[in-house]
Each structure stands twice: as C-alpha cells, then as structure tokens.
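As stored in start28.pdb (PDB, C-alpha atoms):
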```
ATOM      1  CA  MET F   1       7.714  31.826 -65.224
ATOM      2  CA  SER F   2       5.402  29.948 -67.608
ATOM      3  CA  VAL F   3       6.206  28.796 -71.132
ATOM      4  CA  GLY F   4       6.031  31.790 -73.484
ATOM      5  CA  TRP F   5       5.496  34.376 -70.738
ATOM      6  CA  PRO F   6       6.294  37.177 -70.036
ATOM      7  CA  VAL F   7       6.984  38.554 -73.510
ATOM      8  CA  VAL F   8       6.882  41.819 -75.475
ATOM      9  CA  LEU F   9       5.797  41.710 -79.130
ATOM     10  CA  GLU F  10       6.280  44.576 -81.598
ATOM     11  CA  HIS F  11       5.716  45.352 -85.255
ATOM     12  CA  GLY F  12       5.847  48.925 -86.494
ATOM     13  CA  PRO F  13       3.672  51.110 -84.221
ATOM     14  CA  VAL F  14       1.922  48.150 -82.598
ATOM     15  CA  ARG F  15       3.297  46.898 -79.288
ATOM     16  CA  LEU F  16       2.020  44.222 -76.929
ATOM     17  CA  ARG F  17       3.388  43.856 -73.423
ATOM     18  CA  PRO F  18       2.118  42.322 -70.166
ATOM     19  CA  LEU F  19      -0.816  44.186 -68.648
ATOM     20  CA  ARG F  20       0.246  45.821 -65.385
ATOM     21  CA  LEU F  21      -1.334  47.421 -62.330
ATOM     22  CA  ARG F  22      -0.090  50.899 -63.207
ATOM     23  CA  ASP F  23      -2.078  50.776 -66.468
ATOM     24  CA  ALA F  24      -5.205  51.326 -64.351
ATOM     25  CA  GLY F  25      -5.633  55.037 -65.137
ATOM     26  CA  GLU F  26      -5.225  54.681 -68.899
ATOM     27  CA  TRP F  27      -7.249  51.472 -68.969
ATOM     28  CA  ARG F  28     -10.136  53.060 -67.077
ATOM     29  CA  MET F  29     -10.092  56.253 -69.167
ATOM     30  CA  THR F  30     -10.012  54.289 -72.417
ATOM     31  CA  ARG F  31     -12.902  52.126 -71.270
ATOM     32  CA  LEU F  32     -14.991  55.097 -70.156
ATOM     33  CA  MET F  33     -14.416  56.951 -73.429
ATOM     34  CA  ASN F  34     -15.421  53.838 -75.369
ATOM     35  CA  ARG F  35     -18.258  52.588 -73.174
ATOM     36  CA  ASP F  36     -20.926  52.673 -75.915
ATOM     37  CA  TRP F  37     -18.484  51.047 -78.358
ATOM     38  CA  LEU F  38     -17.499  48.162 -76.064
ATOM     39  CA  GLU F  39     -20.438  47.342 -73.793
ATOM     40  CA  PRO F  40     -22.636  45.513 -76.354
ATOM     41  CA  TRP F  41     -19.937  42.827 -76.683
ATOM     42  CA  GLU F  42     -18.657  42.578 -73.108
ATOM     43  CA  ALA F  43     -18.969  39.333 -71.178
ATOM     44  CA  THR F  44     -20.892  39.651 -67.914
ATOM     45  CA  THR F  45     -21.483  37.428 -64.904
ATOM     46  CA  PRO F  46     -25.113  36.679 -64.036
ATOM     47  CA  GLY F  47     -26.123  38.605 -60.933
ATOM     48  CA  VAL F  48     -22.912  40.679 -60.826
ATOM     49  CA  THR F  49     -22.760  44.377 -61.757
ATOM     50  CA  PRO F  50     -19.702  45.149 -63.969
ATOM     51  CA  SER F  51     -17.183  47.638 -62.550
ATOM     52  CA  ASP F  52     -14.930  50.063 -64.424
ATOM     53  CA  GLY F  53     -13.423  51.333 -61.177
ATOM     54  CA  GLY F  54      -9.826  51.125 -60.124
ATOM     55  CA  ARG F  55     -10.455  48.416 -57.511
ATOM     56  CA  GLY F  56     -12.178  46.179 -60.056
ATOM     57  CA  TYR F  57      -9.275  46.629 -62.431
ATOM     58  CA  ALA F  58      -6.663  45.908 -59.777
ATOM     59  CA  ASP F  59      -8.416  42.711 -58.709
ATOM     60  CA  ALA F  60      -8.769  41.590 -62.330
ATOM     61  CA  VAL F  61      -5.107  42.235 -63.147
ATOM     62  CA  ARG F  62      -3.905  40.446 -60.027
ATOM     63  CA  ALA F  63      -6.009  37.441 -61.026
ATOM     64  CA  LEU F  64      -4.678  37.553 -64.592
ATOM     65  CA  ARG F  65      -1.082  37.833 -63.396
ATOM     66  CA  ARG F  66      -1.564  34.894 -61.042
ATOM     67  CA  ASP F  67      -3.020  32.808 -63.874
ATOM     68  CA  ALA F  68      -0.182  33.910 -66.173
ATOM     69  CA  ARG F  69       2.394  32.636 -63.663
ATOM     70  CA  LEU F  70       0.540  29.311 -63.704
ATOM     71  CA  GLY F  71       0.624  29.240 -67.504
ATOM     72  CA  LEU F  72      -3.156  29.589 -67.854
ATOM     73  CA  CYS F  73      -3.285  32.889 -69.750
ATOM     74  CA  TYR F  74      -1.243  35.651 -71.420
ATOM     75  CA  PRO F  75      -2.777  39.091 -70.668
ATOM     76  CA  PHE F  76      -1.426  41.740 -73.055
ATOM     77  CA  ALA F  77      -1.841  45.506 -73.060
ATOM     78  CA  LEU F  78      -2.109  46.833 -76.624
ATOM     79  CA  LEU F  79      -0.268  50.069 -77.381
ATOM     80  CA  VAL F  80      -0.158  52.109 -80.572
ATOM     81  CA  GLY F  81       2.854  54.363 -80.526
ATOM     82  CA  GLU F  82       2.833  55.467 -76.902
ATOM     83  CA  GLN F  83      -0.952  55.297 -76.467
ATOM     84  CA  PHE F  84      -2.867  52.652 -74.569
ATOM     85  CA  ALA F  85      -5.278  51.287 -77.186
ATOM     86  CA  GLY F  86      -6.798  48.063 -75.890
ATOM     87  CA  GLN F  87      -6.190  44.565 -74.643
ATOM     88  CA  VAL F  88      -5.521  41.070 -75.999
ATOM     89  CA  THR F  89      -5.834  38.033 -73.755
ATOM     90  CA  VAL F  90      -4.852  34.483 -74.561
ATOM     91  CA  GLY F  91      -7.026  32.573 -72.117
ATOM     92  CA  ALA F  92      -8.016  29.076 -71.020
ATOM     93  CA  ILE F  93      -4.621  27.703 -72.031
ATOM     94  CA  ALA F  94      -4.757  23.922 -71.961
ATOM     95  CA  ARG F  95      -1.646  21.797 -72.212
ATOM     96  CA  GLY F  96      -1.210  18.075 -72.648
ATOM     97  CA  SER F  97      -3.194  16.506 -75.471
ATOM     98  CA  ALA F  98      -5.037  19.774 -76.321
ATOM     99  CA  ASN F  99      -2.347  22.522 -76.395
ATOM    100  CA  SER F 100      -5.045  25.074 -77.139
ATOM    101  CA  ALA F 101      -6.319  28.480 -76.029
ATOM    102  CA  TYR F 102      -8.899  31.112 -76.858
ATOM    103  CA  LEU F 103      -8.401  34.750 -77.843
ATOM    104  CA  GLY F 104     -10.211  37.707 -76.315
ATOM    105  CA  TYR F 105      -9.599  41.270 -77.477
ATOM    106  CA  TRP F 106     -10.896  44.813 -77.548
ATOM    107  CA  ILE F 107      -9.663  48.063 -79.061
ATOM    108  CA  ALA F 108     -10.582  51.731 -78.666
ATOM    109  CA  ARG F 109     -12.861  53.073 -81.383
ATOM    110  CA  GLN F 110     -10.280  55.597 -82.629
ATOM    111  CA  PHE F 111      -7.930  52.757 -83.593
ATOM    112  CA  ALA F 112     -10.509  50.439 -85.145
ATOM    113  CA  GLY F 113     -10.578  49.641 -88.857
ATOM    114  CA  ARG F 114      -6.934  50.513 -89.451
ATOM    115  CA  GLY F 115      -5.269  47.118 -89.407
ATOM    116  CA  ILE F 116      -4.047  47.488 -85.825
ATOM    117  CA  MET F 117      -5.971  44.651 -84.207
ATOM    118  CA  PRO F 118      -5.278  42.152 -87.028
ATOM    119  CA  THR F 119      -1.584  43.011 -86.737
ATOM    120  CA  ALA F 120      -1.680  42.578 -82.956
ATOM    121  CA  LEU F 121      -3.516  39.261 -83.141
ATOM    122  CA  ALA F 122      -1.177  37.994 -85.866
ATOM    123  CA  MET F 123       1.813  38.620 -83.578
ATOM    124  CA  VAL F 124       0.080  36.976 -80.624
ATOM    125  CA  ILE F 125      -0.906  33.903 -82.638
ATOM    126  CA  ASP F 126       2.601  33.509 -84.037
ATOM    127  CA  HIS F 127       3.903  33.652 -80.474
ATOM    128  CA  CYS F 128       1.327  31.057 -79.398
ATOM    129  CA  PHE F 129       2.345  28.701 -82.208
ATOM    130  CA  GLY F 130       6.044  29.428 -81.731
ATOM    131  CA  ASP F 131       7.625  29.965 -78.315
ATOM    132  CA  ALA F 132       4.428  29.083 -76.424
ATOM    133  CA  ARG F 133       4.123  25.776 -78.301
ATOM    134  CA  LEU F 134       0.340  25.797 -78.664
ATOM    135  CA  HIS F 135      -1.404  23.888 -81.444
ATOM    136  CA  ARG F 136      -4.781  25.632 -81.732
ATOM    137  CA  VAL F 137      -6.303  29.041 -80.988
ATOM    138  CA  GLU F 138      -9.983  29.853 -81.018
ATOM    139  CA  ALA F 139     -12.070  33.040 -81.077
ATOM    140  CA  ASN F 140     -15.766  33.007 -80.186
ATOM    141  CA  ILE F 141     -17.659  36.017 -81.496
ATOM    142  CA  ARG F 142     -21.277  37.124 -81.462
ATOM    143  CA  PRO F 143     -22.827  36.922 -84.955
ATOM    144  CA  GLU F 144     -23.805  40.599 -84.747
ATOM    145  CA  ASN F 145     -20.230  41.730 -84.079
ATOM    146  CA  VAL F 146     -19.299  42.219 -87.718
ATOM    147  CA  ALA F 147     -16.136  44.213 -86.995
ATOM    148  CA  SER F 148     -14.677  41.512 -84.739
ATOM    149  CA  ARG F 149     -15.596  38.771 -87.194
ATOM    150  CA  ARG F 150     -13.844  40.698 -89.945
ATOM    151  CA  VAL F 151     -10.622  40.751 -87.900
ATOM    152  CA  VAL F 152     -10.358  36.963 -87.666
ATOM    153  CA  GLN F 153     -11.524  36.485 -91.255
ATOM    154  CA  LYS F 154      -8.664  38.690 -92.436
ATOM    155  CA  LEU F 155      -6.239  36.384 -90.627
ATOM    156  CA  GLY F 156      -7.630  33.229 -92.216
ATOM    157  CA  PHE F 157      -9.572  31.773 -89.296
ATOM    158  CA  ARG F 158     -12.089  29.153 -90.336
ATOM    159  CA  LEU F 159     -15.674  29.206 -89.097
ATOM    160  CA  GLU F 160     -16.395  25.953 -87.275
ATOM    161  CA  GLY F 161     -19.990  26.495 -86.209
ATOM    162  CA  THR F 162     -22.310  28.110 -83.685
ATOM    163  CA  ARG F 163     -22.126  27.692 -79.927
ATOM    164  CA  GLU F 164     -25.650  28.264 -78.704
ATOM    165  CA  ARG F 165     -26.181  30.360 -75.549
ATOM    166  CA  TYR F 166     -22.435  30.179 -75.006
ATOM    167  CA  ILE F 167     -21.427  33.356 -73.115
ATOM    168  CA  HIS F 168     -23.398  35.730 -70.885
ATOM    169  CA  ILE F 169     -23.496  39.190 -72.529
ATOM    170  CA  ALA F 170     -25.393  42.227 -71.207
ATOM    171  CA  GLY F 171     -27.830  40.179 -69.157
ATOM    172  CA  ALA F 172     -28.470  37.283 -71.535
ATOM    173  CA  TRP F 173     -26.903  34.035 -72.701
ATOM    174  CA  CYS F 174     -25.850  34.693 -76.291
ATOM    175  CA  ASP F 175     -24.961  32.523 -79.268
ATOM    176  CA  HIS F 176     -21.396  32.827 -80.562
ATOM    177  CA  LEU F 177     -19.710  31.853 -83.796
ATOM    178  CA  SER F 178     -16.615  29.734 -83.217
ATOM    179  CA  TYR F 179     -13.537  30.513 -85.339
ATOM    180  CA  ALA F 180     -10.228  28.629 -85.115
ATOM    181  CA  LEU F 181      -6.702  28.254 -86.453
ATOM    182  CA  THR F 182      -4.183  25.473 -85.941
ATOM    183  CA  VAL F 183      -0.468  25.628 -86.472
ATOM    184  CA  GLU F 184      -0.810  23.485 -89.617
ATOM    185  CA  ASP F 185      -2.983  26.216 -91.183
ATOM    186  CA  VAL F 186      -0.181  28.788 -91.118
ATOM    187  CA  PRO F 187       3.194  27.084 -91.668
ATOM    188  CA  GLY F 188       4.861  30.381 -92.573
ATOM    189  CA  GLY F 189       3.288  32.363 -89.736
ATOM    190  CA  VAL F 190       0.190  34.561 -89.512
ATOM    191  CA  LEU F 191       1.963  37.940 -89.494
ATOM    192  CA  PRO F 192       4.000  37.298 -92.673
ATOM    193  CA  ARG F 193       0.849  36.120 -94.456
ATOM    194  CA  TRP F 194      -1.121  39.154 -93.259
ATOM    195  CA  LEU F 195       1.607  41.555 -94.384
ATOM    196  CA  ALA F 196       2.044  39.776 -97.742
ATOM    197  CA  ALA F 197      -1.678  40.278 -98.371
ATOM    198  CA  GLY F 198      -1.243  44.032 -97.925
ATOM    199  CA  GLY F 199      -2.158  44.191 -94.258
ATOM    200  CA  GLY F 200      -0.469  46.150 -91.500
ATOM    201  CA  ALA F 201      -1.213  48.968 -89.088
ATOM    202  CA  ARG F 202      -1.956  52.457 -90.396
ATOM    203  CA  LEU F 203      -1.007  55.364 -88.121
ATOM    204  CA  SER F 204      -2.099  58.960 -88.163
ATOM    205  CA  SER F 205       0.225  61.727 -86.960
ATOM    206  CA  ALA F 206      -1.802  62.016 -83.749
ATOM    207  CA  ASP F 207      -1.241  58.359 -82.863
ATOM    208  CA  SER F 208       2.514  58.709 -82.522
ATOM    209  CA  THR F 209       2.319  61.345 -79.805
TER     210      THR F 209
END
```

structure tokens encoding of this file:
Amino acid sequence: MSVGWPVVLEHGPVRLRPLRLRDAGEWRMTRLMNRDWLEPWEATTPGVTPSDGGRGYADAVRALRRDARLGLCYPFALLVGEQFAGQVTVGAIARGSANSAYLGYWIARQFAGRGIMPTALAMVIDHCFGDARLHRVEANIRPENVASRRVVQKLGFRLEGTRERYIHIAGAWCDHLSYALTVEDVPGGVLPRWLAAGGGARLSSADST
C-alpha cells in the first residue's frame, strides 16, 4: 500500500473511489456516449490508434493499479449518486524534494457545469495535501479548453505560463497552459474554500437513480 492510497472520498452526491476492472462496461459506455465531447482534449500517443474497447481499458487499469501500488498515481472513478460520471487521476507523483503531482480529469457531458468536477477535484487536492503529504499539484490544459480552465480557476489555481508543444493531442503536439497550487496557497483546505464561496455539486432528480 502506498501513502494515501487506496482511499474513498465523498461529499454530498460526489464520490471518488479507486478505479477497478469491473468498471469497464460503464466506463466504455460513458466514453462512447461522450466521444464528441471528450476526444478534442484526449492525449494520444504518436503512431498509436486509441482504443475504447474492453481490452484497452483492462490493460490501462492494470497499469494504473500497478503504479498506484508503487505510489506513482491515484486513479479515481468519479460517481454522482450511483452513476459512473468520469475519472480523476493524480499522476506523475514525485516524492523527495519535489512532493508534487499532476491532475488529469474528465466528466460526462450531462454532469458538466454543475459544480461536480470542482467539488471532486477539491476533495482530491485536499487529500493530496493532507494524508498523501504532497506539496504541489499541477494541471496542464489546452488554451481552447475553456470549460476545464474554468474548473481550476474556480478552485484558485494560479496560471504559471505556457508549455509549448507539451502533450500530443489528436495527432499533433499542442501547447498547454500550466496551472498550479501548493499547500501554502490553501491553508484551510480547497473544499472548505470552494463551499464557502457558494460552490458545491448540484443534482437533478435523475442523477440520484
């Protein structure tokens, strides 16, 4: 077991738990239903065709679980009520003098714009700065991805600059804006600050089924 993992995080209808192999069906269905919504922002590997199939998912989850045991990442499934809604990954965890990590996340279109992802990220960051004993978290986002940028802005991330041709997206090396938080930025925690500012997840009646 690595520091800070495994863990389950909850606030209201939003729940984060370790991603698991038996999520494959819901994961694949959610991805297929949201293909047009997600694909413009998805990282790709040059020369490799992305796969949404069950085998690709199983291989990816096994790799994530192996890295989680080594303390290199925290791969979370995001649920709203009882519904699979997306994924949050704390990746590239570095210990020693850095104590840092990056955040990757996606959410189904039906749950976007309702405070769910900011709430989820706030819980994850508080866990990173608390039990996981990290000092810094970073999110790198394409300039065109206004919705994702708005999520980190709501949580008080600072913009540190542009990383040119940083990540391969949809067949090209793309610039990304680098946002970051350190534990000194949020002495009272990210979730309490987000809630005090009027944030939080908003459910519809259909989401709780």

message: Just want the 9 Å neighbourhood of Asp23 in chain F, counted on all atoms listed in the file, with same-chain residues fewer than 5 positions away dropped. Output as a ChimeraX atom specification.
response: /F:28,77,84

Quick one: which residues end up in the PyMOL selection byres ((chain F and resi 133) around 10) for this structure, as a PDB file with C-alpha atoms, keeping the file's coordinate frame?
```
ATOM      1  CA  VAL F   3       6.206  28.796 -71.132  1.00  0.00           C
ATOM      2  CA  GLY F   4       6.031  31.790 -73.484  1.00  0.00           C
ATOM      3  CA  ARG F  95      -1.646  21.797 -72.212  1.00  0.00           C
ATOM      4  CA  ASN F  99      -2.347  22.522 -76.395  1.00  0.00           C
ATOM      5  CA  SER F 100      -5.045  25.074 -77.139  1.00  0.00           C
ATOM      6  CA  ASP F 126       2.601  33.509 -84.037  1.00  0.00           C
ATOM      7  CA  HIS F 127       3.903  33.652 -80.474  1.00  0.00           C
ATOM      8  CA  CYS F 128       1.327  31.057 -79.398  1.00  0.00           C
ATOM      9  CA  PHE F 129       2.345  28.701 -82.208  1.00  0.00           C
ATOM     10  CA  GLY F 130       6.044  29.428 -81.731  1.00  0.00           C
ATOM     11  CA  ASP F 131       7.625  29.965 -78.315  1.00  0.00           C
ATOM     12  CA  ALA F 132       4.428  29.083 -76.424  1.00  0.00           C
ATOM     13  CA  LEU F 134       0.340  25.797 -78.664  1.00  0.00           C
ATOM     14  CA  HIS F 135      -1.404  23.888 -81.444  1.00  0.00           C
ATOM     15  CA  ARG F 136      -4.781  25.632 -81.732  1.00  0.00           C
ATOM     16  CA  VAL F 183      -0.468  25.628 -86.472  1.00  0.00           C
TER      17      VAL F 183
END
```

Take every atom of range 165-184 of chain F listed in the file, pad by 5 Å on each side, and give me the axis-aligned box centre and edge lengths in Å, one decimal, as JSON.
```
{"center_x": -14.5, "center_y": 32.9, "center_z": -79.4, "size_x": 38.0, "size_y": 28.7, "size_z": 30.5}
```

task: Please write as a list in words the full residue list that the PyMOL selection byres ((chain F and resi 10-22) around 6) yields on this file.
output: Val8, Leu9, Asp23, Ala24, Pro75, Phe76, Ala77, Leu78, Leu79, Val80 and Gly81 of chain F

Shell of 7 Å around range 156-167 of chain F, all atoms listed in the file, local chain residues under 4 positions omitted, as a PyMOL selection string: chain F and resi 43+152+173-181

Find the residues near Val151 in chain F: any atom within 8 Å, counting only C-alpha atoms, skip ones fewer than 3 places away on the same chain, and give them as a PDB file with C-alpha atoms, keeping the file's coordinate frame.
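See around02.pdb below for the written result:
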```pdb
ATOM      1  CA  MET F 117      -5.971  44.651 -84.207  1.00  0.00           C
ATOM      2  CA  PRO F 118      -5.278  42.152 -87.028  1.00  0.00           C
ATOM      3  CA  ALA F 147     -16.136  44.213 -86.995  1.00  0.00           C
ATOM      4  CA  SER F 148     -14.677  41.512 -84.739  1.00  0.00           C
ATOM      5  CA  LYS F 154      -8.664  38.690 -92.436  1.00  0.00           C
ATOM      6  CA  LEU F 155      -6.239  36.384 -90.627  1.00  0.00           C
TER       7      LEU F 155
END
```

- prompt: What separation in Å, quoted to one decimal, exists between CA of Thr44 in chain F and CA of Val137 in chain F?
  reply: 22.3 Å

message: Taking all atoms listed in the file into account, name the residue in F:Trp106, F:Gly96, F:Pro143, F:Ser2 that is nearest to Arg65 in chain F.
response: F:Ser2

task: Check the smallest atom-to-atom distance from each of F:Val146, F:Trp27, F:Gly189, F:Ala98 to Ala58 in chain F using all atoms listed in the file, then report the winner.
output: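 Nearest candidate to Ala58 in chain F out of F:Val146, F:Trp27, F:Gly189, F:Ala98: F:Trp27.
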
query: Hey, can you check how far CA of Trp37 in chain F sits from CA of Phe111 in chain F?
result: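 So the answer is 11.9 Å.
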
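Between CA of Pro192 in chain F and CA of Tyr74 in chain F the interatomic distance comes to 22.0 Å.
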
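Proximity to Ala85 in chain F was assessed for F:Leu195, F:Ala139, F:Val61, F:Ile107 counting all atoms listed in the file; the smallest distance is recorded for F:Ile107.
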